[in-house]
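Right, one structure below, let's go through it.
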Amino acid sequence: MNARLKQMWLGALAIFLSGVFASSVLAAGPWNYDRQLPDRKAGVKIDLATALYVDFDKQRYYLVDAQGGQLVSFDNTGKFLAAFNAGGELKTPISLARSQKGVLWVVDRADNRLLQINPRLQKVQRFRVKYPDGSWVRLGKIAIDPKNRIFVLDQLRGSVLELDDDLSVKRQFRGGEAFAGFVDFKLKSDGIWALDGRKAQIYHFDNSGVASAPVSVSGLEFPVSLEVDSAGRFYVLDRHAGIVAVYGPAGDKRFEFLGKGKRPGQLWFPEELVFDWDERLCVVDEGNGRVDILTR
């Protein structure tokens, strides 16, 4: 990379990561539609929204645009900050996480590699992830815990994997005999919560890796994502029905909200649920190319 391109690359990343920049529609249930990312007046086009990373410390949103090959950042009010493509290194990004050291880790579907983007060194490295037997991991969602441990979802085997410092598989998290494969997982202070989409079951692994009995949830067509709130309630996103269904800790259904469509507060083949720092519910809506943010 020549000096001019290097300077441009660093400038774009600095804006993207910067912490300096700084009438609701009623949704069914106890949630209100608050805003969307990007705002319709922002002049930013999202081709294929696949994931959202929420920075709780800096209160920033980072949206992954797979088809556009970019990461798009927003401040805590939803104001657009910057779009970033790592000097053209991002091809088909599908998931993003950030370490405590400020390093970005991006799953790129184009070549099934894990990208390490180091702002300090202005460097991008690409890695393949494999099992001890040499077989490759089909990389999906990525998350990093406060101890900087990297976890990824293997979309082929449906396992949640903890990686070691060499980015090899250190530990696997799977379900029991009837297990069909995880489609999403969330790292919480009490361990890992994971959703078996085909079986419509939610698993919990405590911080020592011990799994509790799965909780079954009902009334879903095609569950794809999971969130767990501070009261222990489960939020499950149904991609085909375009709804969010809410369940008690025992799997008892409480209510559902949103619905299929393209207007604000409606979903069109949504992909992911994420809570932000104020426990607002963020819904990554792939078909509509946006993130809907709801509040109570």
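Numbering starts fresh at 1 for the residues of each chain in the structure tokens, the chains themselves are lettered A, B, ... in the order given, and ligands are numbered from 1 as they appear.
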Which residues, written as a PDB file with all heavy atoms, in the first residue's frame, have at least one atom at most 10 Å from range 153-164 of chain A, with only C-alpha atoms counted and residues fewer than 4 positions away on the same chain left out?
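Below is the file selection_30.pdb, written as the result:
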ATOM      1  N   VAL A 129     -10.080 -20.689   9.376  1.00  0.00           N
ATOM      2  CA  VAL A 129     -10.293 -21.308  10.685  1.00  0.00           C
ATOM      3  C   VAL A 129     -10.611 -22.782  10.472  1.00  0.00           C
ATOM      4  O   VAL A 129     -11.463 -23.129   9.654  1.00  0.00           O
ATOM      5  CB  VAL A 129     -11.452 -20.615  11.448  1.00  0.00           C
ATOM      6  CG1 VAL A 129     -11.669 -21.278  12.806  1.00  0.00           C
ATOM      7  CG2 VAL A 129     -11.146 -19.122  11.613  1.00  0.00           C
ATOM      8  N   LYS A 130      -9.921 -23.647  11.219  1.00  0.00           N
ATOM      9  CA  LYS A 130     -10.135 -25.080  11.024  1.00  0.00           C
ATOM     10  C   LYS A 130     -10.165 -25.830  12.345  1.00  0.00           C
ATOM     11  O   LYS A 130      -9.701 -25.357  13.377  1.00  0.00           O
ATOM     12  CB  LYS A 130      -9.049 -25.667  10.122  1.00  0.00           C
ATOM     13  CG  LYS A 130      -7.632 -25.503  10.632  1.00  0.00           C
ATOM     14  CD  LYS A 130      -6.642 -26.039   9.610  1.00  0.00           C
ATOM     15  CE  LYS A 130      -5.201 -25.871  10.094  1.00  0.00           C
ATOM     16  NZ  LYS A 130      -4.232 -26.390   9.100  1.00  0.00           N
ATOM     17  N   TYR A 131     -10.715 -27.026  12.257  1.00  0.00           N
ATOM     18  CA  TYR A 131     -10.778 -27.942  13.395  1.00  0.00           C
ATOM     19  C   TYR A 131      -9.427 -28.655  13.551  1.00  0.00           C
ATOM     20  O   TYR A 131      -8.594 -28.635  12.621  1.00  0.00           O
ATOM     21  CB  TYR A 131     -11.883 -28.974  13.169  1.00  0.00           C
ATOM     22  CG  TYR A 131     -13.284 -28.421  13.284  1.00  0.00           C
ATOM     23  CD1 TYR A 131     -13.988 -28.010  12.157  1.00  0.00           C
ATOM     24  CD2 TYR A 131     -13.908 -28.317  14.521  1.00  0.00           C
ATOM     25  CE1 TYR A 131     -15.279 -27.514  12.256  1.00  0.00           C
ATOM     26  CE2 TYR A 131     -15.207 -27.830  14.634  1.00  0.00           C
ATOM     27  CZ  TYR A 131     -15.876 -27.422  13.496  1.00  0.00           C
ATOM     28  OH  TYR A 131     -17.151 -26.923  13.603  1.00  0.00           O
ATOM     29  N   TRP A 136     -12.259 -27.446   7.509  1.00  0.00           N
ATOM     30  CA  TRP A 136     -12.504 -26.011   7.618  1.00  0.00           C
ATOM     31  C   TRP A 136     -13.832 -25.711   8.304  1.00  0.00           C
ATOM     32  O   TRP A 136     -14.794 -26.458   8.189  1.00  0.00           O
ATOM     33  CB  TRP A 136     -12.497 -25.362   6.236  1.00  0.00           C
ATOM     34  CG  TRP A 136     -11.207 -25.505   5.503  1.00  0.00           C
ATOM     35  CD1 TRP A 136     -10.989 -26.233   4.365  1.00  0.00           C
ATOM     36  CD2 TRP A 136      -9.947 -24.935   5.858  1.00  0.00           C
ATOM     37  NE1 TRP A 136      -9.674 -26.154   3.987  1.00  0.00           N
ATOM     38  CE2 TRP A 136      -9.006 -25.355   4.880  1.00  0.00           C
ATOM     39  CE3 TRP A 136      -9.513 -24.120   6.896  1.00  0.00           C
ATOM     40  CZ2 TRP A 136      -7.674 -24.989   4.909  1.00  0.00           C
ATOM     41  CZ3 TRP A 136      -8.176 -23.742   6.938  1.00  0.00           C
ATOM     42  CH2 TRP A 136      -7.277 -24.170   5.954  1.00  0.00           C
ATOM     43  N   VAL A 137     -13.867 -24.574   8.985  1.00  0.00           N
ATOM     44  CA  VAL A 137     -15.086 -24.075   9.611  1.00  0.00           C
ATOM     45  C   VAL A 137     -15.805 -23.172   8.617  1.00  0.00           C
ATOM     46  O   VAL A 137     -15.191 -22.299   7.990  1.00  0.00           O
ATOM     47  CB  VAL A 137     -14.763 -23.278  10.890  1.00  0.00           C
ATOM     48  CG1 VAL A 137     -16.018 -22.609  11.455  1.00  0.00           C
ATOM     49  CG2 VAL A 137     -14.099 -24.170  11.934  1.00  0.00           C
ATOM     50  N   ARG A 138     -17.107 -23.377   8.451  1.00  0.00           N
ATOM     51  CA  ARG A 138     -17.926 -22.495   7.625  1.00  0.00           C
ATOM     52  C   ARG A 138     -18.356 -21.324   8.494  1.00  0.00           C
ATOM     53  O   ARG A 138     -19.300 -21.419   9.292  1.00  0.00           O
ATOM     54  CB  ARG A 138     -19.145 -23.252   7.090  1.00  0.00           C
ATOM     55  CG  ARG A 138     -20.135 -22.397   6.297  1.00  0.00           C
ATOM     56  CD  ARG A 138     -19.569 -21.902   5.001  1.00  0.00           C
ATOM     57  NE  ARG A 138     -20.623 -21.331   4.155  1.00  0.00           N
ATOM     58  CZ  ARG A 138     -20.400 -20.696   3.018  1.00  0.00           C
ATOM     59  NH1 ARG A 138     -19.170 -20.550   2.576  1.00  0.00           N
ATOM     60  NH2 ARG A 138     -21.412 -20.222   2.320  1.00  0.00           N
ATOM     61  N   LEU A 139     -17.652 -20.223   8.388  1.00  0.00           N
ATOM     62  CA  LEU A 139     -17.791 -19.113   9.316  1.00  0.00           C
ATOM     63  C   LEU A 139     -19.126 -18.397   9.170  1.00  0.00           C
ATOM     64  O   LEU A 139     -19.555 -18.056   8.071  1.00  0.00           O
ATOM     65  CB  LEU A 139     -16.660 -18.115   9.110  1.00  0.00           C
ATOM     66  CG  LEU A 139     -15.248 -18.619   9.436  1.00  0.00           C
ATOM     67  CD1 LEU A 139     -14.203 -17.656   8.892  1.00  0.00           C
ATOM     68  CD2 LEU A 139     -15.083 -18.802  10.939  1.00  0.00           C
ATOM     69  N   GLY A 140     -19.773 -18.160  10.326  1.00  0.00           N
ATOM     70  CA  GLY A 140     -20.998 -17.375  10.376  1.00  0.00           C
ATOM     71  C   GLY A 140     -20.828 -16.217  11.339  1.00  0.00           C
ATOM     72  O   GLY A 140     -19.899 -15.420  11.209  1.00  0.00           O
ATOM     73  N   LYS A 141     -21.681 -16.140  12.314  1.00  0.00           N
ATOM     74  CA  LYS A 141     -21.643 -15.051  13.286  1.00  0.00           C
ATOM     75  C   LYS A 141     -20.359 -15.084  14.106  1.00  0.00           C
ATOM     76  O   LYS A 141     -19.842 -16.156  14.434  1.00  0.00           O
ATOM     77  CB  LYS A 141     -22.851 -15.162  14.216  1.00  0.00           C
ATOM     78  CG  LYS A 141     -22.920 -14.085  15.289  1.00  0.00           C
ATOM     79  CD  LYS A 141     -24.126 -14.283  16.175  1.00  0.00           C
ATOM     80  CE  LYS A 141     -24.122 -13.312  17.353  1.00  0.00           C
ATOM     81  NZ  LYS A 141     -24.150 -11.917  16.927  1.00  0.00           N
ATOM     82  N   ILE A 142     -19.840 -13.902  14.472  1.00  0.00           N
ATOM     83  CA  ILE A 142     -18.678 -13.795  15.343  1.00  0.00           C
ATOM     84  C   ILE A 142     -19.023 -12.917  16.539  1.00  0.00           C
ATOM     85  O   ILE A 142     -19.817 -11.975  16.427  1.00  0.00           O
ATOM     86  CB  ILE A 142     -17.460 -13.221  14.583  1.00  0.00           C
ATOM     87  CG1 ILE A 142     -16.220 -13.197  15.492  1.00  0.00           C
ATOM     88  CG2 ILE A 142     -17.748 -11.829  14.026  1.00  0.00           C
ATOM     89  CD1 ILE A 142     -14.938 -12.856  14.764  1.00  0.00           C
ATOM     90  N   ALA A 143     -18.441 -13.234  17.705  1.00  0.00           N
ATOM     91  CA  ALA A 143     -18.612 -12.418  18.914  1.00  0.00           C
ATOM     92  C   ALA A 143     -17.337 -12.529  19.740  1.00  0.00           C
ATOM     93  O   ALA A 143     -16.612 -13.531  19.666  1.00  0.00           O
ATOM     94  CB  ALA A 143     -19.823 -12.882  19.719  1.00  0.00           C
ATOM     95  N   ILE A 144     -17.057 -11.496  20.524  1.00  0.00           N
ATOM     96  CA  ILE A 144     -15.863 -11.460  21.371  1.00  0.00           C
ATOM     97  C   ILE A 144     -16.294 -11.097  22.782  1.00  0.00           C
ATOM     98  O   ILE A 144     -17.042 -10.128  22.977  1.00  0.00           O
ATOM     99  CB  ILE A 144     -14.842 -10.440  20.846  1.00  0.00           C
ATOM    100  CG1 ILE A 144     -14.404 -10.823  19.419  1.00  0.00           C
ATOM    101  CG2 ILE A 144     -13.627 -10.365  21.762  1.00  0.00           C
ATOM    102  CD1 ILE A 144     -13.462  -9.821  18.776  1.00  0.00           C
ATOM    103  N   ARG A 149     -11.806 -13.322  24.114  1.00  0.00           N
ATOM    104  CA  ARG A 149     -11.931 -14.641  23.509  1.00  0.00           C
ATOM    105  C   ARG A 149     -12.891 -14.559  22.333  1.00  0.00           C
ATOM    106  O   ARG A 149     -13.964 -13.955  22.439  1.00  0.00           O
ATOM    107  CB  ARG A 149     -12.426 -15.657  24.545  1.00  0.00           C
ATOM    108  CG  ARG A 149     -11.438 -15.902  25.676  1.00  0.00           C
ATOM    109  CD  ARG A 149     -11.978 -16.894  26.684  1.00  0.00           C
ATOM    110  NE  ARG A 149     -13.187 -16.390  27.332  1.00  0.00           N
ATOM    111  CZ  ARG A 149     -13.796 -17.012  28.345  1.00  0.00           C
ATOM    112  NH1 ARG A 149     -13.311 -18.160  28.798  1.00  0.00           N
ATOM    113  NH2 ARG A 149     -14.885 -16.491  28.891  1.00  0.00           N
ATOM    114  N   SER A 168      -7.482 -21.498  15.985  1.00  0.00           N
ATOM    115  CA  SER A 168      -7.933 -22.872  15.816  1.00  0.00           C
ATOM    116  C   SER A 168      -9.040 -23.145  16.831  1.00  0.00           C
ATOM    117  O   SER A 168      -9.165 -22.424  17.829  1.00  0.00           O
ATOM    118  CB  SER A 168      -6.783 -23.852  16.022  1.00  0.00           C
ATOM    119  OG  SER A 168      -5.798 -23.695  15.007  1.00  0.00           O
ATOM    120  N   VAL A 169      -9.831 -24.169  16.579  1.00  0.00           N
ATOM    121  CA  VAL A 169     -10.949 -24.474  17.461  1.00  0.00           C
ATOM    122  C   VAL A 169     -10.429 -25.028  18.793  1.00  0.00           C
ATOM    123  O   VAL A 169      -9.767 -26.057  18.834  1.00  0.00           O
ATOM    124  CB  VAL A 169     -11.903 -25.485  16.806  1.00  0.00           C
ATOM    125  CG1 VAL A 169     -13.017 -25.871  17.779  1.00  0.00           C
ATOM    126  CG2 VAL A 169     -12.490 -24.895  15.525  1.00  0.00           C
ATOM    127  N   LYS A 170     -10.781 -24.322  19.862  1.00  0.00           N
ATOM    128  CA  LYS A 170     -10.369 -24.725  21.201  1.00  0.00           C
ATOM    129  C   LYS A 170     -11.466 -25.518  21.898  1.00  0.00           C
ATOM    130  O   LYS A 170     -11.200 -26.493  22.611  1.00  0.00           O
ATOM    131  CB  LYS A 170     -10.035 -23.483  22.024  1.00  0.00           C
ATOM    132  CG  LYS A 170      -9.637 -23.764  23.463  1.00  0.00           C
ATOM    133  CD  LYS A 170      -9.322 -22.461  24.187  1.00  0.00           C
ATOM    134  CE  LYS A 170      -8.916 -22.705  25.640  1.00  0.00           C
ATOM    135  NZ  LYS A 170      -8.622 -21.419  26.339  1.00  0.00           N
ATOM    136  N   ARG A 171     -12.716 -25.100  21.686  1.00  0.00           N
ATOM    137  CA  ARG A 171     -13.840 -25.727  22.379  1.00  0.00           C
ATOM    138  C   ARG A 171     -15.085 -25.630  21.506  1.00  0.00           C
ATOM    139  O   ARG A 171     -15.274 -24.643  20.800  1.00  0.00           O
ATOM    140  CB  ARG A 171     -14.063 -25.033  23.721  1.00  0.00           C
ATOM    141  CG  ARG A 171     -14.884 -25.828  24.712  1.00  0.00           C
ATOM    142  CD  ARG A 171     -14.758 -25.325  26.146  1.00  0.00           C
ATOM    143  NE  ARG A 171     -14.802 -23.886  26.338  1.00  0.00           N
ATOM    144  CZ  ARG A 171     -15.262 -23.297  27.452  1.00  0.00           C
ATOM    145  NH1 ARG A 171     -15.714 -24.049  28.439  1.00  0.00           N
ATOM    146  NH2 ARG A 171     -15.252 -22.003  27.568  1.00  0.00           N
ATOM    147  N   GLN A 172     -15.931 -26.668  21.548  1.00  0.00           N
ATOM    148  CA  GLN A 172     -17.176 -26.677  20.795  1.00  0.00           C
ATOM    149  C   GLN A 172     -18.371 -26.710  21.742  1.00  0.00           C
ATOM    150  O   GLN A 172     -18.327 -27.373  22.776  1.00  0.00           O
ATOM    151  CB  GLN A 172     -17.262 -27.901  19.884  1.00  0.00           C
ATOM    152  CG  GLN A 172     -16.177 -27.998  18.849  1.00  0.00           C
ATOM    153  CD  GLN A 172     -16.410 -29.161  17.905  1.00  0.00           C
ATOM    154  OE1 GLN A 172     -17.524 -29.316  17.375  1.00  0.00           O
ATOM    155  NE2 GLN A 172     -15.397 -29.974  17.678  1.00  0.00           N
ATOM    156  N   PHE A 173     -19.432 -26.005  21.361  1.00  0.00           N
ATOM    157  CA  PHE A 173     -20.674 -26.009  22.121  1.00  0.00           C
ATOM    158  C   PHE A 173     -21.774 -26.528  21.196  1.00  0.00           C
ATOM    159  O   PHE A 173     -22.066 -25.920  20.159  1.00  0.00           O
ATOM    160  CB  PHE A 173     -21.013 -24.600  22.612  1.00  0.00           C
ATOM    161  CG  PHE A 173     -19.971 -24.011  23.515  1.00  0.00           C
ATOM    162  CD1 PHE A 173     -18.897 -23.301  22.982  1.00  0.00           C
ATOM    163  CD2 PHE A 173     -20.034 -24.182  24.891  1.00  0.00           C
ATOM    164  CE1 PHE A 173     -17.921 -22.755  23.805  1.00  0.00           C
ATOM    165  CE2 PHE A 173     -19.067 -23.640  25.730  1.00  0.00           C
ATOM    166  CZ  PHE A 173     -18.003 -22.929  25.183  1.00  0.00           C
ATOM    167  N   ARG A 174     -22.355 -27.667  21.579  1.00  0.00           N
ATOM    168  CA  ARG A 174     -23.398 -28.305  20.790  1.00  0.00           C
ATOM    169  C   ARG A 174     -24.537 -28.747  21.704  1.00  0.00           C
ATOM    170  O   ARG A 174     -24.379 -28.802  22.926  1.00  0.00           O
ATOM    171  CB  ARG A 174     -22.848 -29.524  20.040  1.00  0.00           C
ATOM    172  CG  ARG A 174     -21.814 -29.198  18.987  1.00  0.00           C
ATOM    173  CD  ARG A 174     -21.265 -30.461  18.333  1.00  0.00           C
ATOM    174  NE  ARG A 174     -22.327 -31.277  17.751  1.00  0.00           N
ATOM    175  CZ  ARG A 174     -22.866 -31.074  16.566  1.00  0.00           C
ATOM    176  NH1 ARG A 174     -22.460 -30.055  15.817  1.00  0.00           N
ATOM    177  NH2 ARG A 174     -23.814 -31.862  16.097  1.00  0.00           N
ATOM    178  N   GLY A 175     -25.670 -29.084  21.091  1.00  0.00           N
ATOM    179  CA  GLY A 175     -26.812 -29.537  21.860  1.00  0.00           C
ATOM    180  C   GLY A 175     -26.786 -31.035  22.104  1.00  0.00           C
ATOM    181  O   GLY A 175     -25.769 -31.703  21.889  1.00  0.00           O
ATOM    182  N   PHE A 179     -30.351 -32.483  18.777  1.00  0.00           N
ATOM    183  CA  PHE A 179     -29.808 -31.223  18.300  1.00  0.00           C
ATOM    184  C   PHE A 179     -29.735 -31.183  16.782  1.00  0.00           C
ATOM    185  O   PHE A 179     -29.268 -32.122  16.136  1.00  0.00           O
ATOM    186  CB  PHE A 179     -28.405 -31.048  18.900  1.00  0.00           C
ATOM    187  CG  PHE A 179     -27.642 -29.858  18.412  1.00  0.00           C
ATOM    188  CD1 PHE A 179     -28.059 -28.577  18.705  1.00  0.00           C
ATOM    189  CD2 PHE A 179     -26.477 -30.028  17.671  1.00  0.00           C
ATOM    190  CE1 PHE A 179     -27.329 -27.477  18.278  1.00  0.00           C
ATOM    191  CE2 PHE A 179     -25.744 -28.939  17.242  1.00  0.00           C
ATOM    192  CZ  PHE A 179     -26.164 -27.664  17.542  1.00  0.00           C
ATOM    193  N   ALA A 180     -30.207 -30.060  16.169  1.00  0.00           N
ATOM    194  CA  ALA A 180     -30.204 -29.922  14.711  1.00  0.00           C
ATOM    195  C   ALA A 180     -29.226 -28.861  14.221  1.00  0.00           C
ATOM    196  O   ALA A 180     -28.964 -28.775  13.022  1.00  0.00           O
ATOM    197  CB  ALA A 180     -31.607 -29.584  14.212  1.00  0.00           C
ATOM    198  N   GLY A 181     -28.687 -28.047  15.118  1.00  0.00           N
ATOM    199  CA  GLY A 181     -27.720 -27.029  14.717  1.00  0.00           C
ATOM    200  C   GLY A 181     -28.136 -25.634  15.139  1.00  0.00           C
ATOM    201  O   GLY A 181     -29.289 -25.230  14.956  1.00  0.00           O
ATOM    202  N   PHE A 182     -27.187 -24.898  15.708  1.00  0.00           N
ATOM    203  CA  PHE A 182     -27.467 -23.522  16.120  1.00  0.00           C
ATOM    204  C   PHE A 182     -27.462 -22.594  14.906  1.00  0.00           C
ATOM    205  O   PHE A 182     -26.673 -22.763  13.978  1.00  0.00           O
ATOM    206  CB  PHE A 182     -26.430 -23.045  17.133  1.00  0.00           C
ATOM    207  CG  PHE A 182     -26.478 -23.778  18.447  1.00  0.00           C
ATOM    208  CD1 PHE A 182     -25.319 -24.279  19.026  1.00  0.00           C
ATOM    209  CD2 PHE A 182     -27.682 -23.971  19.109  1.00  0.00           C
ATOM    210  CE1 PHE A 182     -25.361 -24.947  20.232  1.00  0.00           C
ATOM    211  CE2 PHE A 182     -27.732 -24.645  20.319  1.00  0.00           C
ATOM    212  CZ  PHE A 182     -26.565 -25.132  20.881  1.00  0.00           C
ATOM    213  N   VAL A 183     -28.354 -21.604  14.955  1.00  0.00           N
ATOM    214  CA  VAL A 183     -28.409 -20.583  13.906  1.00  0.00           C
ATOM    215  C   VAL A 183     -27.988 -19.220  14.431  1.00  0.00           C
ATOM    216  O   VAL A 183     -27.718 -18.302  13.658  1.00  0.00           O
ATOM    217  CB  VAL A 183     -29.815 -20.489  13.289  1.00  0.00           C
ATOM    218  CG1 VAL A 183     -30.160 -21.774  12.556  1.00  0.00           C
ATOM    219  CG2 VAL A 183     -30.879 -20.162  14.337  1.00  0.00           C
ATOM    220  N   ASP A 184     -27.926 -19.082  15.759  1.00  0.00           N
ATOM    221  CA  ASP A 184     -27.519 -17.814  16.367  1.00  0.00           C
ATOM    222  C   ASP A 184     -27.093 -18.082  17.801  1.00  0.00           C
ATOM    223  O   ASP A 184     -27.488 -19.085  18.412  1.00  0.00           O
ATOM    224  CB  ASP A 184     -28.674 -16.808  16.352  1.00  0.00           C
ATOM    225  CG  ASP A 184     -28.243 -15.397  16.748  1.00  0.00           C
ATOM    226  OD1 ASP A 184     -27.041 -15.085  16.626  1.00  0.00           O
ATOM    227  OD2 ASP A 184     -29.100 -14.606  17.191  1.00  0.00           O
ATOM    228  N   PHE A 185     -26.262 -17.178  18.339  1.00  0.00           N
ATOM    229  CA  PHE A 185     -25.880 -17.265  19.743  1.00  0.00           C
ATOM    230  C   PHE A 185     -25.580 -15.871  20.262  1.00  0.00           C
ATOM    231  O   PHE A 185     -25.286 -14.954  19.498  1.00  0.00           O
ATOM    232  CB  PHE A 185     -24.666 -18.194  19.928  1.00  0.00           C
ATOM    233  CG  PHE A 185     -23.361 -17.612  19.431  1.00  0.00           C
ATOM    234  CD1 PHE A 185     -22.474 -16.975  20.301  1.00  0.00           C
ATOM    235  CD2 PHE A 185     -23.000 -17.712  18.089  1.00  0.00           C
ATOM    236  CE1 PHE A 185     -21.276 -16.447  19.847  1.00  0.00           C
ATOM    237  CE2 PHE A 185     -21.800 -17.187  17.622  1.00  0.00           C
ATOM    238  CZ  PHE A 185     -20.932 -16.558  18.510  1.00  0.00           C
ATOM    239  N   ILE A 192     -23.258 -18.573  27.477  1.00  0.00           N
ATOM    240  CA  ILE A 192     -23.683 -18.533  26.079  1.00  0.00           C
ATOM    241  C   ILE A 192     -25.131 -18.988  25.970  1.00  0.00           C
ATOM    242  O   ILE A 192     -25.512 -20.025  26.517  1.00  0.00           O
ATOM    243  CB  ILE A 192     -22.807 -19.456  25.211  1.00  0.00           C
ATOM    244  CG1 ILE A 192     -21.336 -19.022  25.266  1.00  0.00           C
ATOM    245  CG2 ILE A 192     -23.298 -19.467  23.767  1.00  0.00           C
ATOM    246  CD1 ILE A 192     -20.391 -19.996  24.596  1.00  0.00           C
ATOM    247  N   ALA A 194     -27.880 -19.968  22.978  1.00  0.00           N
ATOM    248  CA  ALA A 194     -27.853 -20.333  21.565  1.00  0.00           C
ATOM    249  C   ALA A 194     -29.200 -20.881  21.121  1.00  0.00           C
ATOM    250  O   ALA A 194     -29.905 -21.543  21.887  1.00  0.00           O
ATOM    251  CB  ALA A 194     -26.754 -21.359  21.304  1.00  0.00           C
ATOM    252  N   LEU A 195     -29.538 -20.596  19.865  1.00  0.00           N
ATOM    253  CA  LEU A 195     -30.833 -20.984  19.303  1.00  0.00           C
ATOM    254  C   LEU A 195     -30.666 -22.094  18.271  1.00  0.00           C
ATOM    255  O   LEU A 195     -29.942 -21.933  17.282  1.00  0.00           O
ATOM    256  CB  LEU A 195     -31.494 -19.767  18.641  1.00  0.00           C
ATOM    257  CG  LEU A 195     -32.776 -20.014  17.839  1.00  0.00           C
ATOM    258  CD1 LEU A 195     -33.904 -20.482  18.748  1.00  0.00           C
ATOM    259  CD2 LEU A 195     -33.175 -18.749  17.073  1.00  0.00           C
ATOM    260  N   ASP A 196     -31.330 -23.232  18.515  1.00  0.00           N
ATOM    261  CA  ASP A 196     -31.452 -24.298  17.525  1.00  0.00           C
ATOM    262  C   ASP A 196     -32.690 -23.974  16.700  1.00  0.00           C
ATOM    263  O   ASP A 196     -33.822 -24.124  17.179  1.00  0.00           O
ATOM    264  CB  ASP A 196     -31.593 -25.651  18.232  1.00  0.00           C
ATOM    265  CG  ASP A 196     -31.673 -26.832  17.264  1.00  0.00           C
ATOM    266  OD1 ASP A 196     -32.096 -26.627  16.113  1.00  0.00           O
ATOM    267  OD2 ASP A 196     -31.346 -27.957  17.669  1.00  0.00           O
ATOM    268  N   GLY A 197     -32.479 -23.490  15.470  1.00  0.00           N
ATOM    269  CA  GLY A 197     -33.587 -22.997  14.670  1.00  0.00           C
ATOM    270  C   GLY A 197     -34.558 -24.072  14.232  1.00  0.00           C
ATOM    271  O   GLY A 197     -35.772 -23.893  14.317  1.00  0.00           O
TER     272      GLY A 197
END
| said: Give me the residues near Ser189 in chain A as a PyMOL selection string, where near means some atom within 12 Å (using only C-alpha atoms) and where sequence neighbours in that chain fewer than 6 positions away do not count. | reply: chain A and resi 145-147+204-208+228-230
| What lies within 10 Å of Arg98 in chain A using only C-alpha atoms, ignoring chain neighbours under 2 positions off, as a ChimeraX atom specification? | /A:53-55,96,100-106,116-117,142-145,148,150
| message | When you look at range 80-92 of chain A with a cut-off of 6 Å (counting only C-alpha atoms), what residues show up, excluding the ones that are within fewer than 4 positions of it in the same chain? I need them as a list in words. | response | Trp9, Phe16, Ala66, Gly69, Gln70, Leu71, Val72, Ser73, Phe74, Asp108, Arg109 and Ala110 of chain A
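You can rank A:Val274, A:Ser218, A:Asp165, A:Glu279 by their closest distance to Arg254 in chain A using only C-alpha atoms, and at the top of that list sits A:Ser218.
Residue nearest Ala250 in chain A, chosen from A:Val283, A:Arg35, A:Ile202, A:Asp278 and counting only C-alpha atoms: A:Ile202.
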| remark: In terms of only C-alpha atoms, the residue from A:Leu258, A:Val224, A:Val284, A:Val44 at minimal distance from Val64 in chain A is A:Val284
| message | Using only C-alpha atoms for the distances, tell me which of A:Ala97, A:Val246, A:Ala200, A:Leu267 is nearest to Phe151 in chain A. | response | A:Ala97
| Looking at A:Gln36, A:Val107, A:Gly232, A:Asp238, which one is nearest to Arg263 in chain A, with distances taken over only C-alpha atoms? | A:Gln36
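Proximity of A:Trp193, A:Tyr203, A:Tyr62, A:Tyr33 to Gly78 in chain A, computed with only C-alpha atoms, is greatest for A:Tyr62.
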| query | How would you write, as JSON, numbers by chain, the set of residues in range 148-262 of chain A that DSSP gives as strand (DSSP E)? | reply | {"A": [150, 151, 152, 153, 154, 159, 160, 161, 162, 163, 169, 170, 171, 172, 173, 182, 183, 184, 185, 186, 187, 188, 191, 192, 193, 194, 195, 196, 201, 202, 203, 204, 205, 215, 216, 223, 224, 225, 226, 227, 228, 234, 235, 236, 237, 238, 243, 244, 245, 246, 247, 253, 254, 255, 256, 257]}
Please provide as a CSV table (one decimal) with C-alpha atoms, in the first residue's frame all residues within 9 Å of Lys262 in chain A, with the sequence filter that same-chain residues fewer than 5 positions apart are discarded (counting only C-alpha atoms).
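The file below, result10.csv, is the result:
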chain,number,residue,atom,x,y,z
A,267,LEU,CA,-40.0,-6.6,8.5
A,268,TRP,CA,-39.0,-8.1,5.2
A,287,GLY,CA,-34.9,-7.3,2.9
A,288,ASN,CA,-35.6,-3.7,3.7
